[in-house]
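> Have a peek at query_17.cif (mmCIF, C-alpha atoms and all ligand atoms).
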```
data_upload
#
loop_
_atom_site.label_atom_id
_atom_site.label_comp_id
_atom_site.auth_asym_id
_atom_site.auth_seq_id
_atom_site.Cartn_x
_atom_site.Cartn_y
_atom_site.Cartn_z
CA MET J 178 -85.95 3.04 35.79
CA ALA J 179 -88.72 1.82 33.57
CA ASN J 180 -87.34 -1.62 32.88
CA GLU J 181 -85.95 -2.14 36.38
CA LEU J 182 -86.65 -5.47 38.05
CA ASP J 183 -87.99 -5.52 41.60
CA LEU J 184 -85.64 -8.26 42.65
CA LEU J 185 -82.78 -10.24 41.15
CA ILE J 186 -81.53 -13.47 42.68
CA ARG J 187 -77.98 -14.20 41.50
CA ASN J 188 -75.97 -17.44 41.55
CA ALA J 189 -79.01 -19.63 41.95
CA ARG J 190 -78.74 -23.37 41.50
CA LEU J 191 -81.98 -24.72 40.04
CA ARG J 192 -83.28 -28.27 40.10
CA THR J 193 -83.77 -28.00 36.33
CA HIS J 194 -80.40 -26.52 35.24
CA GLY J 195 -77.75 -28.95 36.44
CA ALA J 196 -74.49 -27.30 37.51
CA ASP J 197 -75.18 -23.95 35.79
CA LEU J 198 -75.80 -21.05 38.13
CA MET J 199 -78.64 -18.82 36.99
CA SER J 200 -80.12 -15.44 37.81
CA ILE J 201 -83.83 -15.05 38.44
CA GLY J 202 -85.45 -11.70 37.78
CA ILE J 203 -88.74 -10.76 39.40
CA ARG J 204 -91.13 -7.95 38.60
CA ALA J 205 -94.70 -7.28 39.75
CA GLY J 206 -94.95 -10.62 41.51
CA ARG J 207 -93.87 -12.68 38.50
CA ILE J 208 -90.69 -14.33 37.30
CA GLU J 209 -89.58 -12.25 34.35
CA LEU J 210 -86.35 -13.97 33.47
CA VAL J 211 -84.18 -16.97 34.24
CA GLU J 212 -80.82 -16.31 32.59
CA SER J 213 -77.14 -16.86 33.19
CA ARG J 214 -76.16 -13.21 32.53
CA PRO J 215 -79.09 -10.83 32.95
CA SER J 216 -78.60 -7.27 31.75
CA LEU J 217 -81.59 -5.62 33.43
CA PRO J 218 -80.99 -3.51 36.53
CA ALA J 219 -82.81 -4.45 39.74
CA ALA J 220 -84.01 -2.45 42.73
CA ARG J 221 -82.67 -5.16 44.98
CA GLU J 222 -80.24 -8.03 44.44
CA ILE J 223 -79.60 -11.06 46.58
CA ASP J 224 -76.87 -13.64 46.23
CA ALA J 225 -77.88 -17.29 46.45
CA ALA J 226 -74.15 -18.17 46.58
CA GLY J 227 -74.58 -21.35 44.58
CA ASN J 228 -77.34 -22.67 46.79
CA LEU J 229 -80.56 -24.26 45.62
CA VAL J 230 -83.46 -21.98 44.69
CA THR J 231 -86.83 -23.68 44.24
CA GLU J 232 -90.55 -23.08 44.44
CA SER J 233 -91.67 -22.20 47.94
CA PHE J 234 -93.19 -24.87 50.16
CA VAL J 235 -96.88 -25.76 50.30
CA ASN J 236 -98.58 -27.37 53.28
CA PRO J 237 -101.80 -29.07 52.17
CA HIS J 238 -102.93 -30.23 55.63
CA LEU J 239 -102.75 -28.35 58.91
CA HIS J 240 -105.19 -28.15 61.82
CA LEU J 241 -104.53 -24.45 62.24
CA ASP J 242 -107.20 -23.72 64.86
CA LYS J 243 -105.63 -26.28 67.22
CA VAL J 244 -101.97 -25.24 67.09
CA TYR J 245 -100.28 -24.91 70.50
CA THR J 246 -103.28 -26.32 72.37
CA LEU J 247 -101.49 -29.31 73.92
CA PRO J 248 -100.82 -27.36 77.17
CA ARG J 249 -104.61 -26.93 77.56
CA LEU J 250 -104.98 -30.73 77.68
CA ASP J 251 -103.12 -33.69 79.09
CA ASP J 252 -101.31 -36.30 76.99
CA ARG J 253 -104.17 -38.84 77.05
CA ALA J 254 -105.26 -38.24 73.44
CA LEU J 255 -101.66 -38.57 72.23
CA THR J 256 -101.34 -41.90 74.01
CA GLU J 257 -104.57 -43.25 72.53
CA TYR J 258 -103.94 -41.98 68.96
CA GLN J 259 -100.48 -43.49 68.76
CA LYS J 260 -101.25 -46.86 70.32
CA GLY J 261 -100.41 -49.98 68.26
CA THR J 262 -102.07 -49.87 64.84
CA MET J 263 -104.44 -47.07 65.68
CA GLY J 264 -107.36 -49.09 67.03
CA ALA J 265 -108.14 -46.27 69.48
CA ALA J 266 -108.06 -43.31 67.08
CA MET J 267 -111.72 -42.46 67.69
CA THR J 268 -111.21 -42.39 71.47
CA ALA J 269 -108.28 -40.02 70.91
CA ILE J 270 -110.46 -37.65 68.88
CA GLU J 271 -113.11 -37.69 71.62
CA LEU J 272 -110.49 -36.91 74.26
CA ALA J 273 -108.95 -34.18 72.12
CA SER J 274 -112.31 -32.52 71.55
CA ARG J 275 -112.41 -31.40 75.21
CA VAL J 276 -110.26 -28.42 74.25
CA LYS J 277 -113.13 -27.04 72.18
CA GLN J 278 -115.34 -26.40 75.19
CA ASP J 279 -113.22 -23.29 75.85
CA TYR J 280 -112.87 -22.29 72.18
CA ASP J 281 -112.67 -18.54 71.83
CA VAL J 282 -111.42 -16.45 68.90
CA ALA J 283 -109.52 -14.26 71.40
CA TRP J 284 -106.99 -16.93 72.42
CA ILE J 285 -106.97 -18.88 69.16
CA VAL J 286 -105.88 -15.93 66.98
CA PRO J 287 -102.44 -15.40 68.63
CA ASN J 288 -101.71 -19.13 68.29
CA VAL J 289 -102.67 -19.08 64.62
CA ARG J 290 -100.50 -16.01 63.98
CA ARG J 291 -97.56 -17.70 65.66
CA ALA J 292 -97.88 -20.82 63.47
CA VAL J 293 -98.27 -18.81 60.26
CA ALA J 294 -95.22 -16.70 61.08
CA LYS J 295 -93.29 -19.95 61.46
CA ALA J 296 -94.58 -21.09 58.07
CA ALA J 297 -93.25 -17.86 56.55
CA ARG J 298 -89.89 -18.37 58.29
CA HIS J 299 -89.64 -21.86 56.85
CA GLY J 300 -90.58 -20.80 53.34
CA CYS J 301 -94.12 -22.15 53.30
CA THR J 302 -96.29 -19.69 51.36
CA HIS J 303 -99.49 -21.71 50.90
CA ILE J 304 -101.46 -23.64 53.52
CA ARG J 305 -104.71 -25.58 53.41
CA ALA J 306 -105.90 -25.08 56.98
CA PHE J 307 -108.60 -27.10 58.71
CA ALA J 308 -110.72 -25.37 61.33
CA ASP J 309 -113.16 -27.39 63.40
CA VAL J 310 -116.79 -26.45 62.88
CA ASP J 311 -119.07 -28.43 65.18
CA THR J 312 -121.44 -27.93 68.08
CA LYS J 313 -118.53 -27.76 70.57
CA ALA J 314 -116.16 -25.50 68.58
CA ARG J 315 -119.09 -23.55 67.09
CA LEU J 316 -117.61 -20.99 64.70
CA GLU J 317 -114.81 -19.80 67.00
CA GLY J 318 -111.97 -21.70 65.32
CA VAL J 319 -113.04 -20.89 61.79
CA LYS J 320 -113.50 -17.19 62.61
CA ALA J 321 -109.99 -17.06 64.08
CA VAL J 322 -108.42 -18.72 61.04
CA LEU J 323 -110.42 -16.54 58.62
CA GLN J 324 -109.19 -13.42 60.44
CA VAL J 325 -105.56 -14.50 60.21
CA ARG J 326 -106.06 -15.49 56.55
CA GLU J 327 -106.88 -11.84 55.79
CA GLU J 328 -103.89 -10.55 57.78
CA TRP J 329 -101.49 -12.76 55.85
CA ARG J 330 -102.99 -12.61 52.36
CA GLY J 331 -100.19 -12.08 49.82
CA ARG J 332 -97.48 -13.39 52.13
CA VAL J 333 -98.80 -16.77 53.30
CA ASP J 334 -102.00 -17.70 51.47
CA ILE J 335 -104.38 -19.74 53.60
CA GLN J 336 -107.28 -21.83 52.32
CA VAL J 337 -109.72 -22.38 55.17
CA VAL J 338 -111.50 -25.74 55.39
CA ALA J 339 -114.78 -25.80 57.33
CA PHE J 340 -114.19 -29.12 59.06
CA PRO J 341 -116.90 -31.01 61.02
CA GLN J 342 -114.37 -32.91 63.15
CA ASP J 343 -116.94 -34.66 65.35
CA GLY J 344 -119.05 -35.94 62.47
CA VAL J 345 -122.16 -34.68 60.71
CA VAL J 346 -124.76 -37.37 61.47
CA ARG J 347 -123.21 -37.94 64.92
CA ASP J 348 -123.25 -34.24 65.74
CA PRO J 349 -126.64 -32.77 64.75
CA GLY J 350 -126.27 -29.06 64.11
CA SER J 351 -122.82 -29.30 62.55
CA GLU J 352 -124.12 -29.27 58.97
CA ALA J 353 -125.80 -25.89 59.60
CA LEU J 354 -122.54 -24.63 61.13
CA VAL J 355 -120.53 -25.74 58.08
CA ARG J 356 -123.02 -23.82 55.93
CA GLN J 357 -122.53 -20.72 58.11
CA ALA J 358 -118.75 -21.09 57.88
CA LEU J 359 -119.01 -21.14 54.08
CA GLU J 360 -121.19 -18.03 54.20
CA LEU J 361 -118.48 -16.39 56.33
CA GLY J 362 -115.95 -17.13 53.57
CA ALA J 363 -114.44 -20.57 54.27
CA ASP J 364 -112.78 -21.74 51.04
CA VAL J 365 -113.19 -25.51 51.22
CA VAL J 366 -115.80 -27.99 52.50
CA GLY J 367 -114.33 -30.49 54.94
CA GLY J 368 -115.43 -33.87 56.19
CA ILE J 369 -114.44 -36.90 58.25
CA PRO J 370 -116.88 -39.61 57.19
CA TRP J 371 -115.10 -42.53 58.89
CA ILE J 372 -115.94 -41.08 62.33
CA GLU J 373 -119.66 -41.86 61.85
CA PHE J 374 -121.02 -44.95 63.62
CA THR J 375 -122.33 -46.80 60.55
CA GLU J 376 -121.50 -47.09 56.88
CA ALA J 377 -124.87 -45.60 55.98
CA ASP J 378 -124.11 -42.56 58.15
CA ALA J 379 -120.66 -42.21 56.57
CA ARG J 380 -122.32 -42.17 53.16
CA SER J 381 -124.83 -39.51 54.30
CA HIS J 382 -121.94 -37.47 55.70
CA ILE J 383 -120.22 -37.52 52.33
CA GLU J 384 -123.42 -36.73 50.41
CA LEU J 385 -124.32 -33.81 52.67
CA MET J 386 -120.86 -32.25 52.41
CA PHE J 387 -120.65 -32.67 48.63
CA ALA J 388 -124.10 -31.09 48.36
CA LEU J 389 -122.75 -28.02 50.18
CA ALA J 390 -119.66 -28.03 47.96
CA THR J 391 -121.73 -27.96 44.77
CA GLU J 392 -124.14 -25.38 46.17
CA PHE J 393 -121.28 -23.02 47.16
CA ASP J 394 -118.93 -24.07 44.33
CA ARG J 395 -116.11 -25.07 46.71
CA ASP J 396 -113.49 -27.81 46.68
CA VAL J 397 -113.72 -30.69 49.15
CA SER J 398 -111.08 -31.97 51.59
CA MET J 399 -111.90 -34.95 53.77
CA LEU J 400 -110.03 -36.95 56.38
CA VAL J 401 -110.75 -40.56 55.48
CA ASP J 402 -110.12 -43.93 57.14
CA ASP J 403 -107.89 -42.50 59.86
CA ALA J 404 -107.85 -45.57 62.10
CA GLY J 405 -106.48 -49.08 62.21
CA ASP J 406 -109.60 -50.75 60.79
CA ALA J 407 -109.23 -52.67 57.52
CA GLY J 408 -113.00 -52.46 57.07
CA LEU J 409 -113.06 -48.68 56.61
CA ARG J 410 -114.20 -47.71 53.09
CA THR J 411 -114.66 -43.95 53.09
CA LEU J 412 -111.85 -43.19 50.61
CA GLU J 413 -113.76 -45.31 48.13
CA MET J 414 -117.08 -43.64 48.98
CA MET J 415 -115.55 -40.19 48.63
CA ALA J 416 -114.04 -40.95 45.21
CA VAL J 417 -117.37 -42.38 44.01
CA GLN J 418 -119.20 -39.26 45.19
CA ALA J 419 -116.64 -36.98 43.49
CA ILE J 420 -117.29 -38.77 40.21
CA LYS J 421 -121.08 -38.74 40.70
CA THR J 422 -121.18 -34.99 41.37
CA GLY J 423 -118.72 -34.08 38.61
CA TRP J 424 -116.19 -32.95 41.24
CA GLN J 425 -113.25 -34.73 39.59
CA GLY J 426 -110.04 -32.85 40.35
CA ARG J 427 -111.76 -30.84 43.10
CA ALA J 428 -111.70 -33.39 45.92
CA LEU J 429 -108.68 -34.15 48.08
CA ALA J 430 -108.39 -37.02 50.54
CA HIS J 431 -106.24 -36.99 53.68
CA HIS J 432 -104.72 -39.77 55.80
CA ALA J 433 -106.37 -42.99 54.50
CA ARG J 434 -104.25 -44.81 57.05
CA ALA J 435 -106.43 -47.95 56.94
CA MET J 436 -105.05 -48.44 53.42
CA GLY J 437 -101.98 -49.92 55.10
CA LEU J 438 -104.17 -52.89 56.13
CA TYR J 439 -106.14 -53.50 52.90
CA PRO J 440 -105.77 -56.67 50.83
CA GLU J 441 -103.91 -56.14 47.56
CA PRO J 442 -106.88 -56.59 45.17
CA TYR J 443 -108.89 -53.92 47.00
CA PHE J 444 -105.89 -51.57 47.07
CA ARG J 445 -105.61 -51.85 43.29
CA LYS J 446 -109.28 -51.00 42.83
CA LEU J 447 -108.76 -47.92 44.97
CA VAL J 448 -105.82 -46.79 42.84
CA ALA J 449 -108.04 -46.99 39.75
CA LEU J 450 -110.85 -45.11 41.51
CA LEU J 451 -108.48 -42.32 42.61
CA ALA J 452 -107.37 -41.93 39.01
CA SER J 453 -110.89 -41.66 37.62
CA ALA J 454 -111.89 -39.18 40.35
CA ARG J 455 -108.62 -37.29 39.71
CA MET J 456 -108.33 -37.24 43.47
CA GLY J 457 -105.05 -36.69 45.29
CA LEU J 458 -104.04 -37.87 48.73
CA VAL J 459 -102.20 -36.10 51.53
CA SER J 460 -100.25 -38.35 53.87
CA ASP J 461 -98.76 -37.32 57.22
CA PRO J 462 -96.84 -40.43 58.25
CA HIS J 463 -95.15 -38.69 61.19
CA THR J 464 -98.40 -38.15 63.12
CA GLY J 465 -99.55 -41.76 63.49
CA PRO J 466 -98.12 -45.27 63.52
CA LEU J 467 -100.02 -46.34 60.39
CA HIS J 468 -100.01 -44.63 56.99
CA ALA J 469 -101.24 -44.84 53.41
CA ARG J 470 -99.16 -46.82 50.89
CA VAL J 471 -97.42 -43.72 49.60
CA ARG J 472 -94.67 -45.50 47.71
CA ASP J 473 -97.06 -47.83 45.88
CA LEU J 474 -99.43 -44.96 45.08
CA LEU J 475 -96.56 -42.95 43.60
CA GLU J 476 -95.48 -45.90 41.53
CA ALA J 477 -99.03 -46.19 40.23
CA GLY J 478 -98.90 -42.53 39.16
CA ALA J 479 -101.25 -41.15 41.85
CA LEU J 480 -101.02 -37.58 43.12
CA VAL J 481 -99.59 -37.84 46.63
CA CYS J 482 -98.19 -35.12 48.84
CA LEU J 483 -97.17 -34.54 52.44
CA GLY J 484 -98.74 -32.39 55.14
CA GLN J 485 -97.67 -31.08 58.54
CA ASP J 486 -101.05 -32.13 60.04
CA ASP J 487 -100.53 -30.85 63.59
CA ILE J 488 -98.40 -28.45 65.58
CA HIS J 489 -98.18 -28.99 69.31
CA ASP J 490 -101.75 -30.20 69.83
CA ALA J 491 -103.46 -33.24 71.32
CA TYR J 492 -102.37 -35.44 68.37
CA TYR J 493 -98.74 -34.44 67.86
CA PRO J 494 -96.44 -32.59 70.25
CA TYR J 495 -93.90 -31.18 67.76
CA GLY J 496 -94.09 -29.36 64.43
CA ARG J 497 -92.93 -25.90 63.33
CA ASN J 498 -94.48 -25.58 59.88
CA SER J 499 -91.23 -26.66 58.26
CA MET J 500 -92.11 -28.76 55.23
CA LEU J 501 -88.45 -29.77 54.88
CA GLU J 502 -88.69 -31.27 58.36
CA VAL J 503 -91.93 -33.06 57.36
CA ALA J 504 -90.20 -34.50 54.28
CA PHE J 505 -87.17 -35.47 56.36
CA LEU J 506 -89.37 -37.42 58.77
CA ALA J 507 -91.33 -38.99 55.90
CA SER J 508 -88.14 -40.13 54.21
CA HIS J 509 -87.51 -42.38 57.22
CA LEU J 510 -91.07 -43.53 57.82
CA LEU J 511 -91.65 -44.33 54.14
CA TRP J 512 -88.11 -45.54 53.56
CA MET J 513 -87.56 -43.12 50.72
CA THR J 514 -83.91 -42.14 50.96
CA ALA J 515 -82.37 -42.84 47.53
CA ALA J 516 -81.78 -39.92 45.14
CA PRO J 517 -84.96 -40.37 43.03
CA ASP J 518 -87.00 -40.75 46.24
CA ARG J 519 -85.53 -37.54 47.67
CA GLU J 520 -86.48 -35.66 44.53
CA ARG J 521 -90.01 -37.06 44.79
CA LEU J 522 -90.26 -36.05 48.45
CA TYR J 523 -89.21 -32.54 47.47
CA ASP J 524 -91.95 -32.42 44.82
CA MET J 525 -94.44 -33.63 47.44
CA ILE J 526 -93.89 -30.50 49.56
CA THR J 527 -93.77 -28.06 46.63
CA ILE J 528 -95.31 -28.54 43.18
CA GLU J 529 -97.37 -31.66 43.92
CA ALA J 530 -98.78 -30.14 47.11
CA ALA J 531 -99.72 -27.00 45.16
CA ARG J 532 -101.45 -29.12 42.54
CA ALA J 533 -103.30 -31.08 45.24
CA ILE J 534 -104.83 -27.97 46.80
CA GLY J 535 -105.73 -26.42 43.46
CA VAL J 536 -103.05 -23.71 43.31
CA SER J 537 -102.67 -24.02 39.55
CA ASP J 538 -100.56 -20.87 39.13
CA PHE J 539 -97.34 -22.25 40.60
CA GLY J 540 -93.88 -23.22 39.37
CA LEU J 541 -90.41 -21.72 39.01
CA LYS J 542 -90.44 -20.69 35.35
CA VAL J 543 -90.53 -17.54 33.27
CA GLY J 544 -94.02 -16.11 33.61
CA GLY J 545 -94.69 -18.09 36.79
CA PRO J 546 -95.57 -16.51 40.12
CA ALA J 547 -92.58 -15.53 42.30
CA HIS J 548 -93.07 -17.87 45.25
CA MET J 549 -89.55 -19.09 46.01
CA VAL J 550 -87.05 -20.14 48.61
CA VAL J 551 -83.31 -19.59 48.52
CA LEU J 552 -82.01 -22.47 50.60
CA ARG J 553 -78.82 -22.75 52.63
CA ALA J 554 -77.99 -25.97 50.79
CA PRO J 555 -76.71 -26.64 47.27
CA ASP J 556 -78.91 -29.68 46.63
CA VAL J 557 -81.99 -31.59 47.75
CA LEU J 558 -79.94 -34.07 49.78
CA GLU J 559 -78.39 -31.40 51.97
CA ALA J 560 -81.68 -29.49 52.14
CA LEU J 561 -83.38 -32.57 53.58
CA ARG J 562 -80.48 -33.58 55.79
CA ASP J 563 -80.20 -30.18 57.51
CA HIS J 564 -83.84 -29.06 57.04
CA ALA J 565 -82.68 -25.56 57.91
CA PRO J 566 -84.89 -22.52 57.34
CA PRO J 567 -84.23 -20.90 53.94
CA ALA J 568 -81.83 -17.98 53.66
CA PHE J 569 -84.49 -15.98 51.80
CA VAL J 570 -88.20 -16.42 51.21
CA VAL J 571 -90.01 -14.74 48.31
CA SER J 572 -93.82 -14.73 48.28
CA HIS J 573 -95.87 -13.03 45.55
CA GLY J 574 -92.67 -11.37 44.39
CA ARG J 575 -91.99 -9.89 47.78
CA LEU J 576 -88.95 -10.69 49.89
CA LEU J 577 -90.19 -11.63 53.35
CA GLY J 578 -88.21 -10.39 56.33
CA ASP J 579 -87.95 -10.40 60.10
CA ALA J 580 -91.24 -8.57 60.53
CA ASP J 581 -92.99 -11.50 58.83
CA PHE J 582 -91.18 -14.20 60.78
CA HIS J 583 -92.32 -13.12 64.22
CA ALA J 584 -95.88 -13.40 65.42
CA SER J 585 -96.32 -9.72 66.02
CA PRO J 586 -99.36 -7.51 65.53
CA PRO J 587 -100.93 -7.92 62.09
CA ALA J 588 -99.37 -6.17 59.14
CA PRO J 589 -101.11 -3.00 57.96
ZN ZN J 601 -105.24 -34.24 60.31
#
```
As C-alpha cells - that is how I would like this structure written.
Ligand SMILES: [Zn+2]

Amino acid sequence: MANELDLLIRNARLRTHGADLMSIGIRAGRIELVESRPSLPAAREIDAAGNLVTESFVNPHLHLDKVYTLPRLDDRALTEYQKGTMGAAMTAIELASRVKQDYDVAWIVPNVRRAVAKAARHGCTHIRAFADVDTKARLEGVKAVLQVREEWRGRVDIQVVAFPQDGVVRDPGSEALVRQALELGADVVGGIPWIEFTEADARSHIELMFALATEFDRDVSMLVDDAGDAGLRTLEMMAVQAIKTGWQGRALAHHARAMGLYPEPYFRKLVALLASARMGLVSDPHTGPLHARVRDLLEAGALVCLGQDDIHDAYYPYGRNSMLEVAFLASHLLWMTAAPDRERLYDMITIEAARAIGVSDFGLKVGGPAHMVVLRAPDVLEALRDHAPPAFVVSHGRLLGDADFHASPPAP
C-alpha cells in the first residue's frame, strides 16, 4: 500500500506525554506520526504494552579496541588505577599498554563485534569509540574498529577516535600514526594531554592534535586530567585551544577526574571556560574512585553525559554496553537518585550524549530519526532499577533482532 508505514509501535508511554499511551509510526527511517489513534496501516506492528518508549541510547566514550582484553593481562593495572585517589593512574596506563605489543586486527575484530552486538542488544545505537594509535598499537586497533564500523553502519553507528593513548610528545611517531588513521577514515581526533611529562609538552600535545583536527575538519575528543593530581590543567588548556582555533562546539572532554580536587574559585573559572568553548564533558564515575563534579556542572548548565568507558579490560573488569547499567551505577556514585536526578541521568545516556558527540539529528519527535527503544518498564525509575535490555530496539527505522544481538559473521 502506498501510504503504508514500515512499523507502528502501539501503546507507547512517552516521557513527554504523561499517562496517555501513544502510537509511533515509522517510515523510511523517520518518525512519521505520534498519535493516540493512527489510521495508517503498517507492514509490522509491535505492542509496547504501556511501557516506556524513548530515544535509543548513546555511548559517548568506549575504548572499543581494548574490549575483552583483561584475560591477556593480569590485574596489576586495575589495582594501580583504582588505588586511593588515583595517584597511580599513569602507572596503570603503562602496565595496561603491555597488551598492545600483541595487537593484531585478527584477534581484535571478533572482540569488537562482540561488544557492538551487546550494544545493539541493550539499545545503544551510537558509540564514540576510542582506538589506540601509538607506536605500540600501531594502526591495528584503529583498523579493527574501522572494519567493524562498516559492518554495523545503519544499525549501530560508530565514530572512531584516533587516540594516542601513550602521549604525543612522549611517544615520537604517534602524531604521524594519528595522521595515517585519519587518512584511513577515523572520524575524530583524540588526545590525552595530561599523560605528558611537563605542562609545556601537554600544551604541544593539544596544539598538534587540534592542528590535525582543523586540517582534516574533524571533531576532537580528549581524555583530560585523569589522575588524582589537583595541579592538572589540561581541561583548561583544551577549552582555550578550542576557542583559539574556532572549534567551539566541536571539542569534547572526557574524565577530568582531577576536577574533584580543585579549589572552588578555579572550578568556577572552568565552568565559564567550558561554556565559552561550548565544550561538553563525558564522565564515567564507575571506572575510577575519583570523578568530575557532575552534579555541580549540571547545575551550572554545562553539557554533561555518561560513558561506558571500558568493557572487561585492564581498567575495568565488567561492562556490557548497557547504558542503563552505566546510569544505574552513576546514580549511586553521584548520589543522584531523586526523580529529577533520574530524569537527568536518562537524558545523559540519550539526548545529551547524542548532542555531545555531534549527532544533531536525534530525538523522538515527528520528523526525527527512528532510533528508539521499547523498554520493559513503564517509567524511568523502573528502567534504572532493573536496567533490563529493551524489549525492542529500533535503529534507523529498522527493528533489530536476534541476528544483530549475537556476535556472528558480519551482516551482508
Ligand atoms: Zn577512558
> Find the residue from J:Glu360, J:Asp309, J:Asp581, J:Asp461 that sits nearest to ligand ZN 601 (chain J); use only C-alpha atoms and all ligand atoms when measuring.
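Among the listed residues, J:Asp461 lies closest to ligand ZN 601 (chain J).
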> What does the list of residues within 12 Å of ligand ZN 601 (chain J) look like if you count all atoms listed in the file, written as a ChimeraX atom specification?
/J:236-244,258,266,270,305-309,338,340,342,367-369,398-404,430-434,459-465,483-488,490-493
> Can you tell me how far CA of Gly405 (chain J) sits from CA of Asp473 (chain J), in Å to one decimal?
18.9 Å
> In Å, with one decimal, what is the gap from CA of Ala254 (chain J) to CA of Met267 (chain J)?
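Separating CA of Ala254 (chain J) from CA of Met267 (chain J) is a distance of 9.6 Å.
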> Which neighbours of region 528-538 of chain J fall inside 8 Å, counting all atoms listed in the file, when residues of the same chain fewer than 2 positions from it are skipped, and could you give them as a ChimeraX atom specification?
/J:232,235-237,303,305,427,429,457-458,480-483,524-526,540,545-546
> Measure the distance from CA of Ala269 (chain J) to CA of His382 (chain J) in Å and round it to one decimal.
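If I compute the distance from CA of Ala269 (chain J) to CA of His382 (chain J), I get 20.6 Å.
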> Please list as a PDB file with C-alpha atoms, in the frame of the given file every residue within 9 Å of Arg497 (chain J), counting only C-alpha atoms and excluding residues in the same chain fewer than 5 positions away.

```pdb
ATOM      1  CA  ALA J 292     -97.880 -20.820  63.470  1.00  0.00           C
ATOM      2  CA  LYS J 295     -93.290 -19.950  61.460  1.00  0.00           C
ATOM      3  CA  ALA J 296     -94.580 -21.090  58.070  1.00  0.00           C
ATOM      4  CA  HIS J 299     -89.640 -21.860  56.850  1.00  0.00           C
ATOM      5  CA  GLN J 485     -97.670 -31.080  58.540  1.00  0.00           C
ATOM      6  CA  ILE J 488     -98.400 -28.450  65.580  1.00  0.00           C
ATOM      7  CA  HIS J 489     -98.180 -28.990  69.310  1.00  0.00           C
ATOM      8  CA  GLU J 502     -88.690 -31.270  58.360  1.00  0.00           C
TER       9      GLU J 502
END
```
> Choose the residue, out of J:Leu412, J:Val346, J:Met199, J:Leu450, that has the smallest atom-to-atom separation from Asp311 (chain J); count all atoms listed in the file.
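Between J:Leu412, J:Val346, J:Met199, J:Leu450, the residue approaching Asp311 (chain J) most closely is J:Val346.
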> Just checking: using only C-alpha atoms, which residue out of J:Leu184, J:Val397, J:Leu506, J:Val319 ends up closest to Arg575 (chain J)?
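Using only C-alpha atoms, the shortest distance to Arg575 (chain J) belongs to J:Leu184.
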> Neighbouring residues of Arg275 (chain J) were defined as those with any atom within 10 Å, considering all atoms listed in the file; residues of the same chain fewer than 6 positions away were excluded. Please report them as a VMD selection string.
chain J and resid 249 to 250 313 to 314 491
> J:Val230, J:Met456, J:Met414, J:Val337: which is nearest Ile304 (chain J), counting all atoms listed in the file?
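Ranked by minimum distance to Ile304 (chain J), first place goes to J:Val337.
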> Return the single residue from J:Thr193, J:Ser200, J:Thr302, J:Asn498 that is closest to His548 (chain J), with distances computed using all atoms listed in the file.
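Comparing J:Thr193, J:Ser200, J:Thr302, J:Asn498 against His548 (chain J), the winner is J:Thr302.
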> Show me, as a tab-separated table (two decimals) with C-alpha atoms, keeping the file's coordinate frame, the residues that have an atom within 8 Å of Val448 (chain J) when counting all atoms listed in the file, minus same-chain residues fewer than 2 positions from it.

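Done, and the output landed in selection.tsv:
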```
chain	number	residue	atom	x	y	z
J	444	PHE	CA	-105.89	-51.57	47.07
J	445	ARG	CA	-105.61	-51.85	43.29
J	446	LYS	CA	-109.28	-51.00	42.83
J	450	LEU	CA	-110.85	-45.11	41.51
J	451	LEU	CA	-108.48	-42.32	42.61
J	452	ALA	CA	-107.37	-41.93	39.01
J	474	LEU	CA	-99.43	-44.96	45.08
J	477	ALA	CA	-99.03	-46.19	40.23
J	479	ALA	CA	-101.25	-41.15	41.85
```
> Mind checking which residues fall within 8 Å of Arg298 (chain J), counting only C-alpha atoms, ignoring those fewer than 2 positions away in the same chain, and posting them as JSON, numbers by chain?
{"J": [294, 295, 296, 300, 301, 566, 567, 570, 581, 582]}
> My list of candidates is J:Glu520, J:Glu441, J:Asp579, J:Glu212. Which is closest to His194 (chain J) when distances are computed with all atoms listed in the file?
J:Glu212
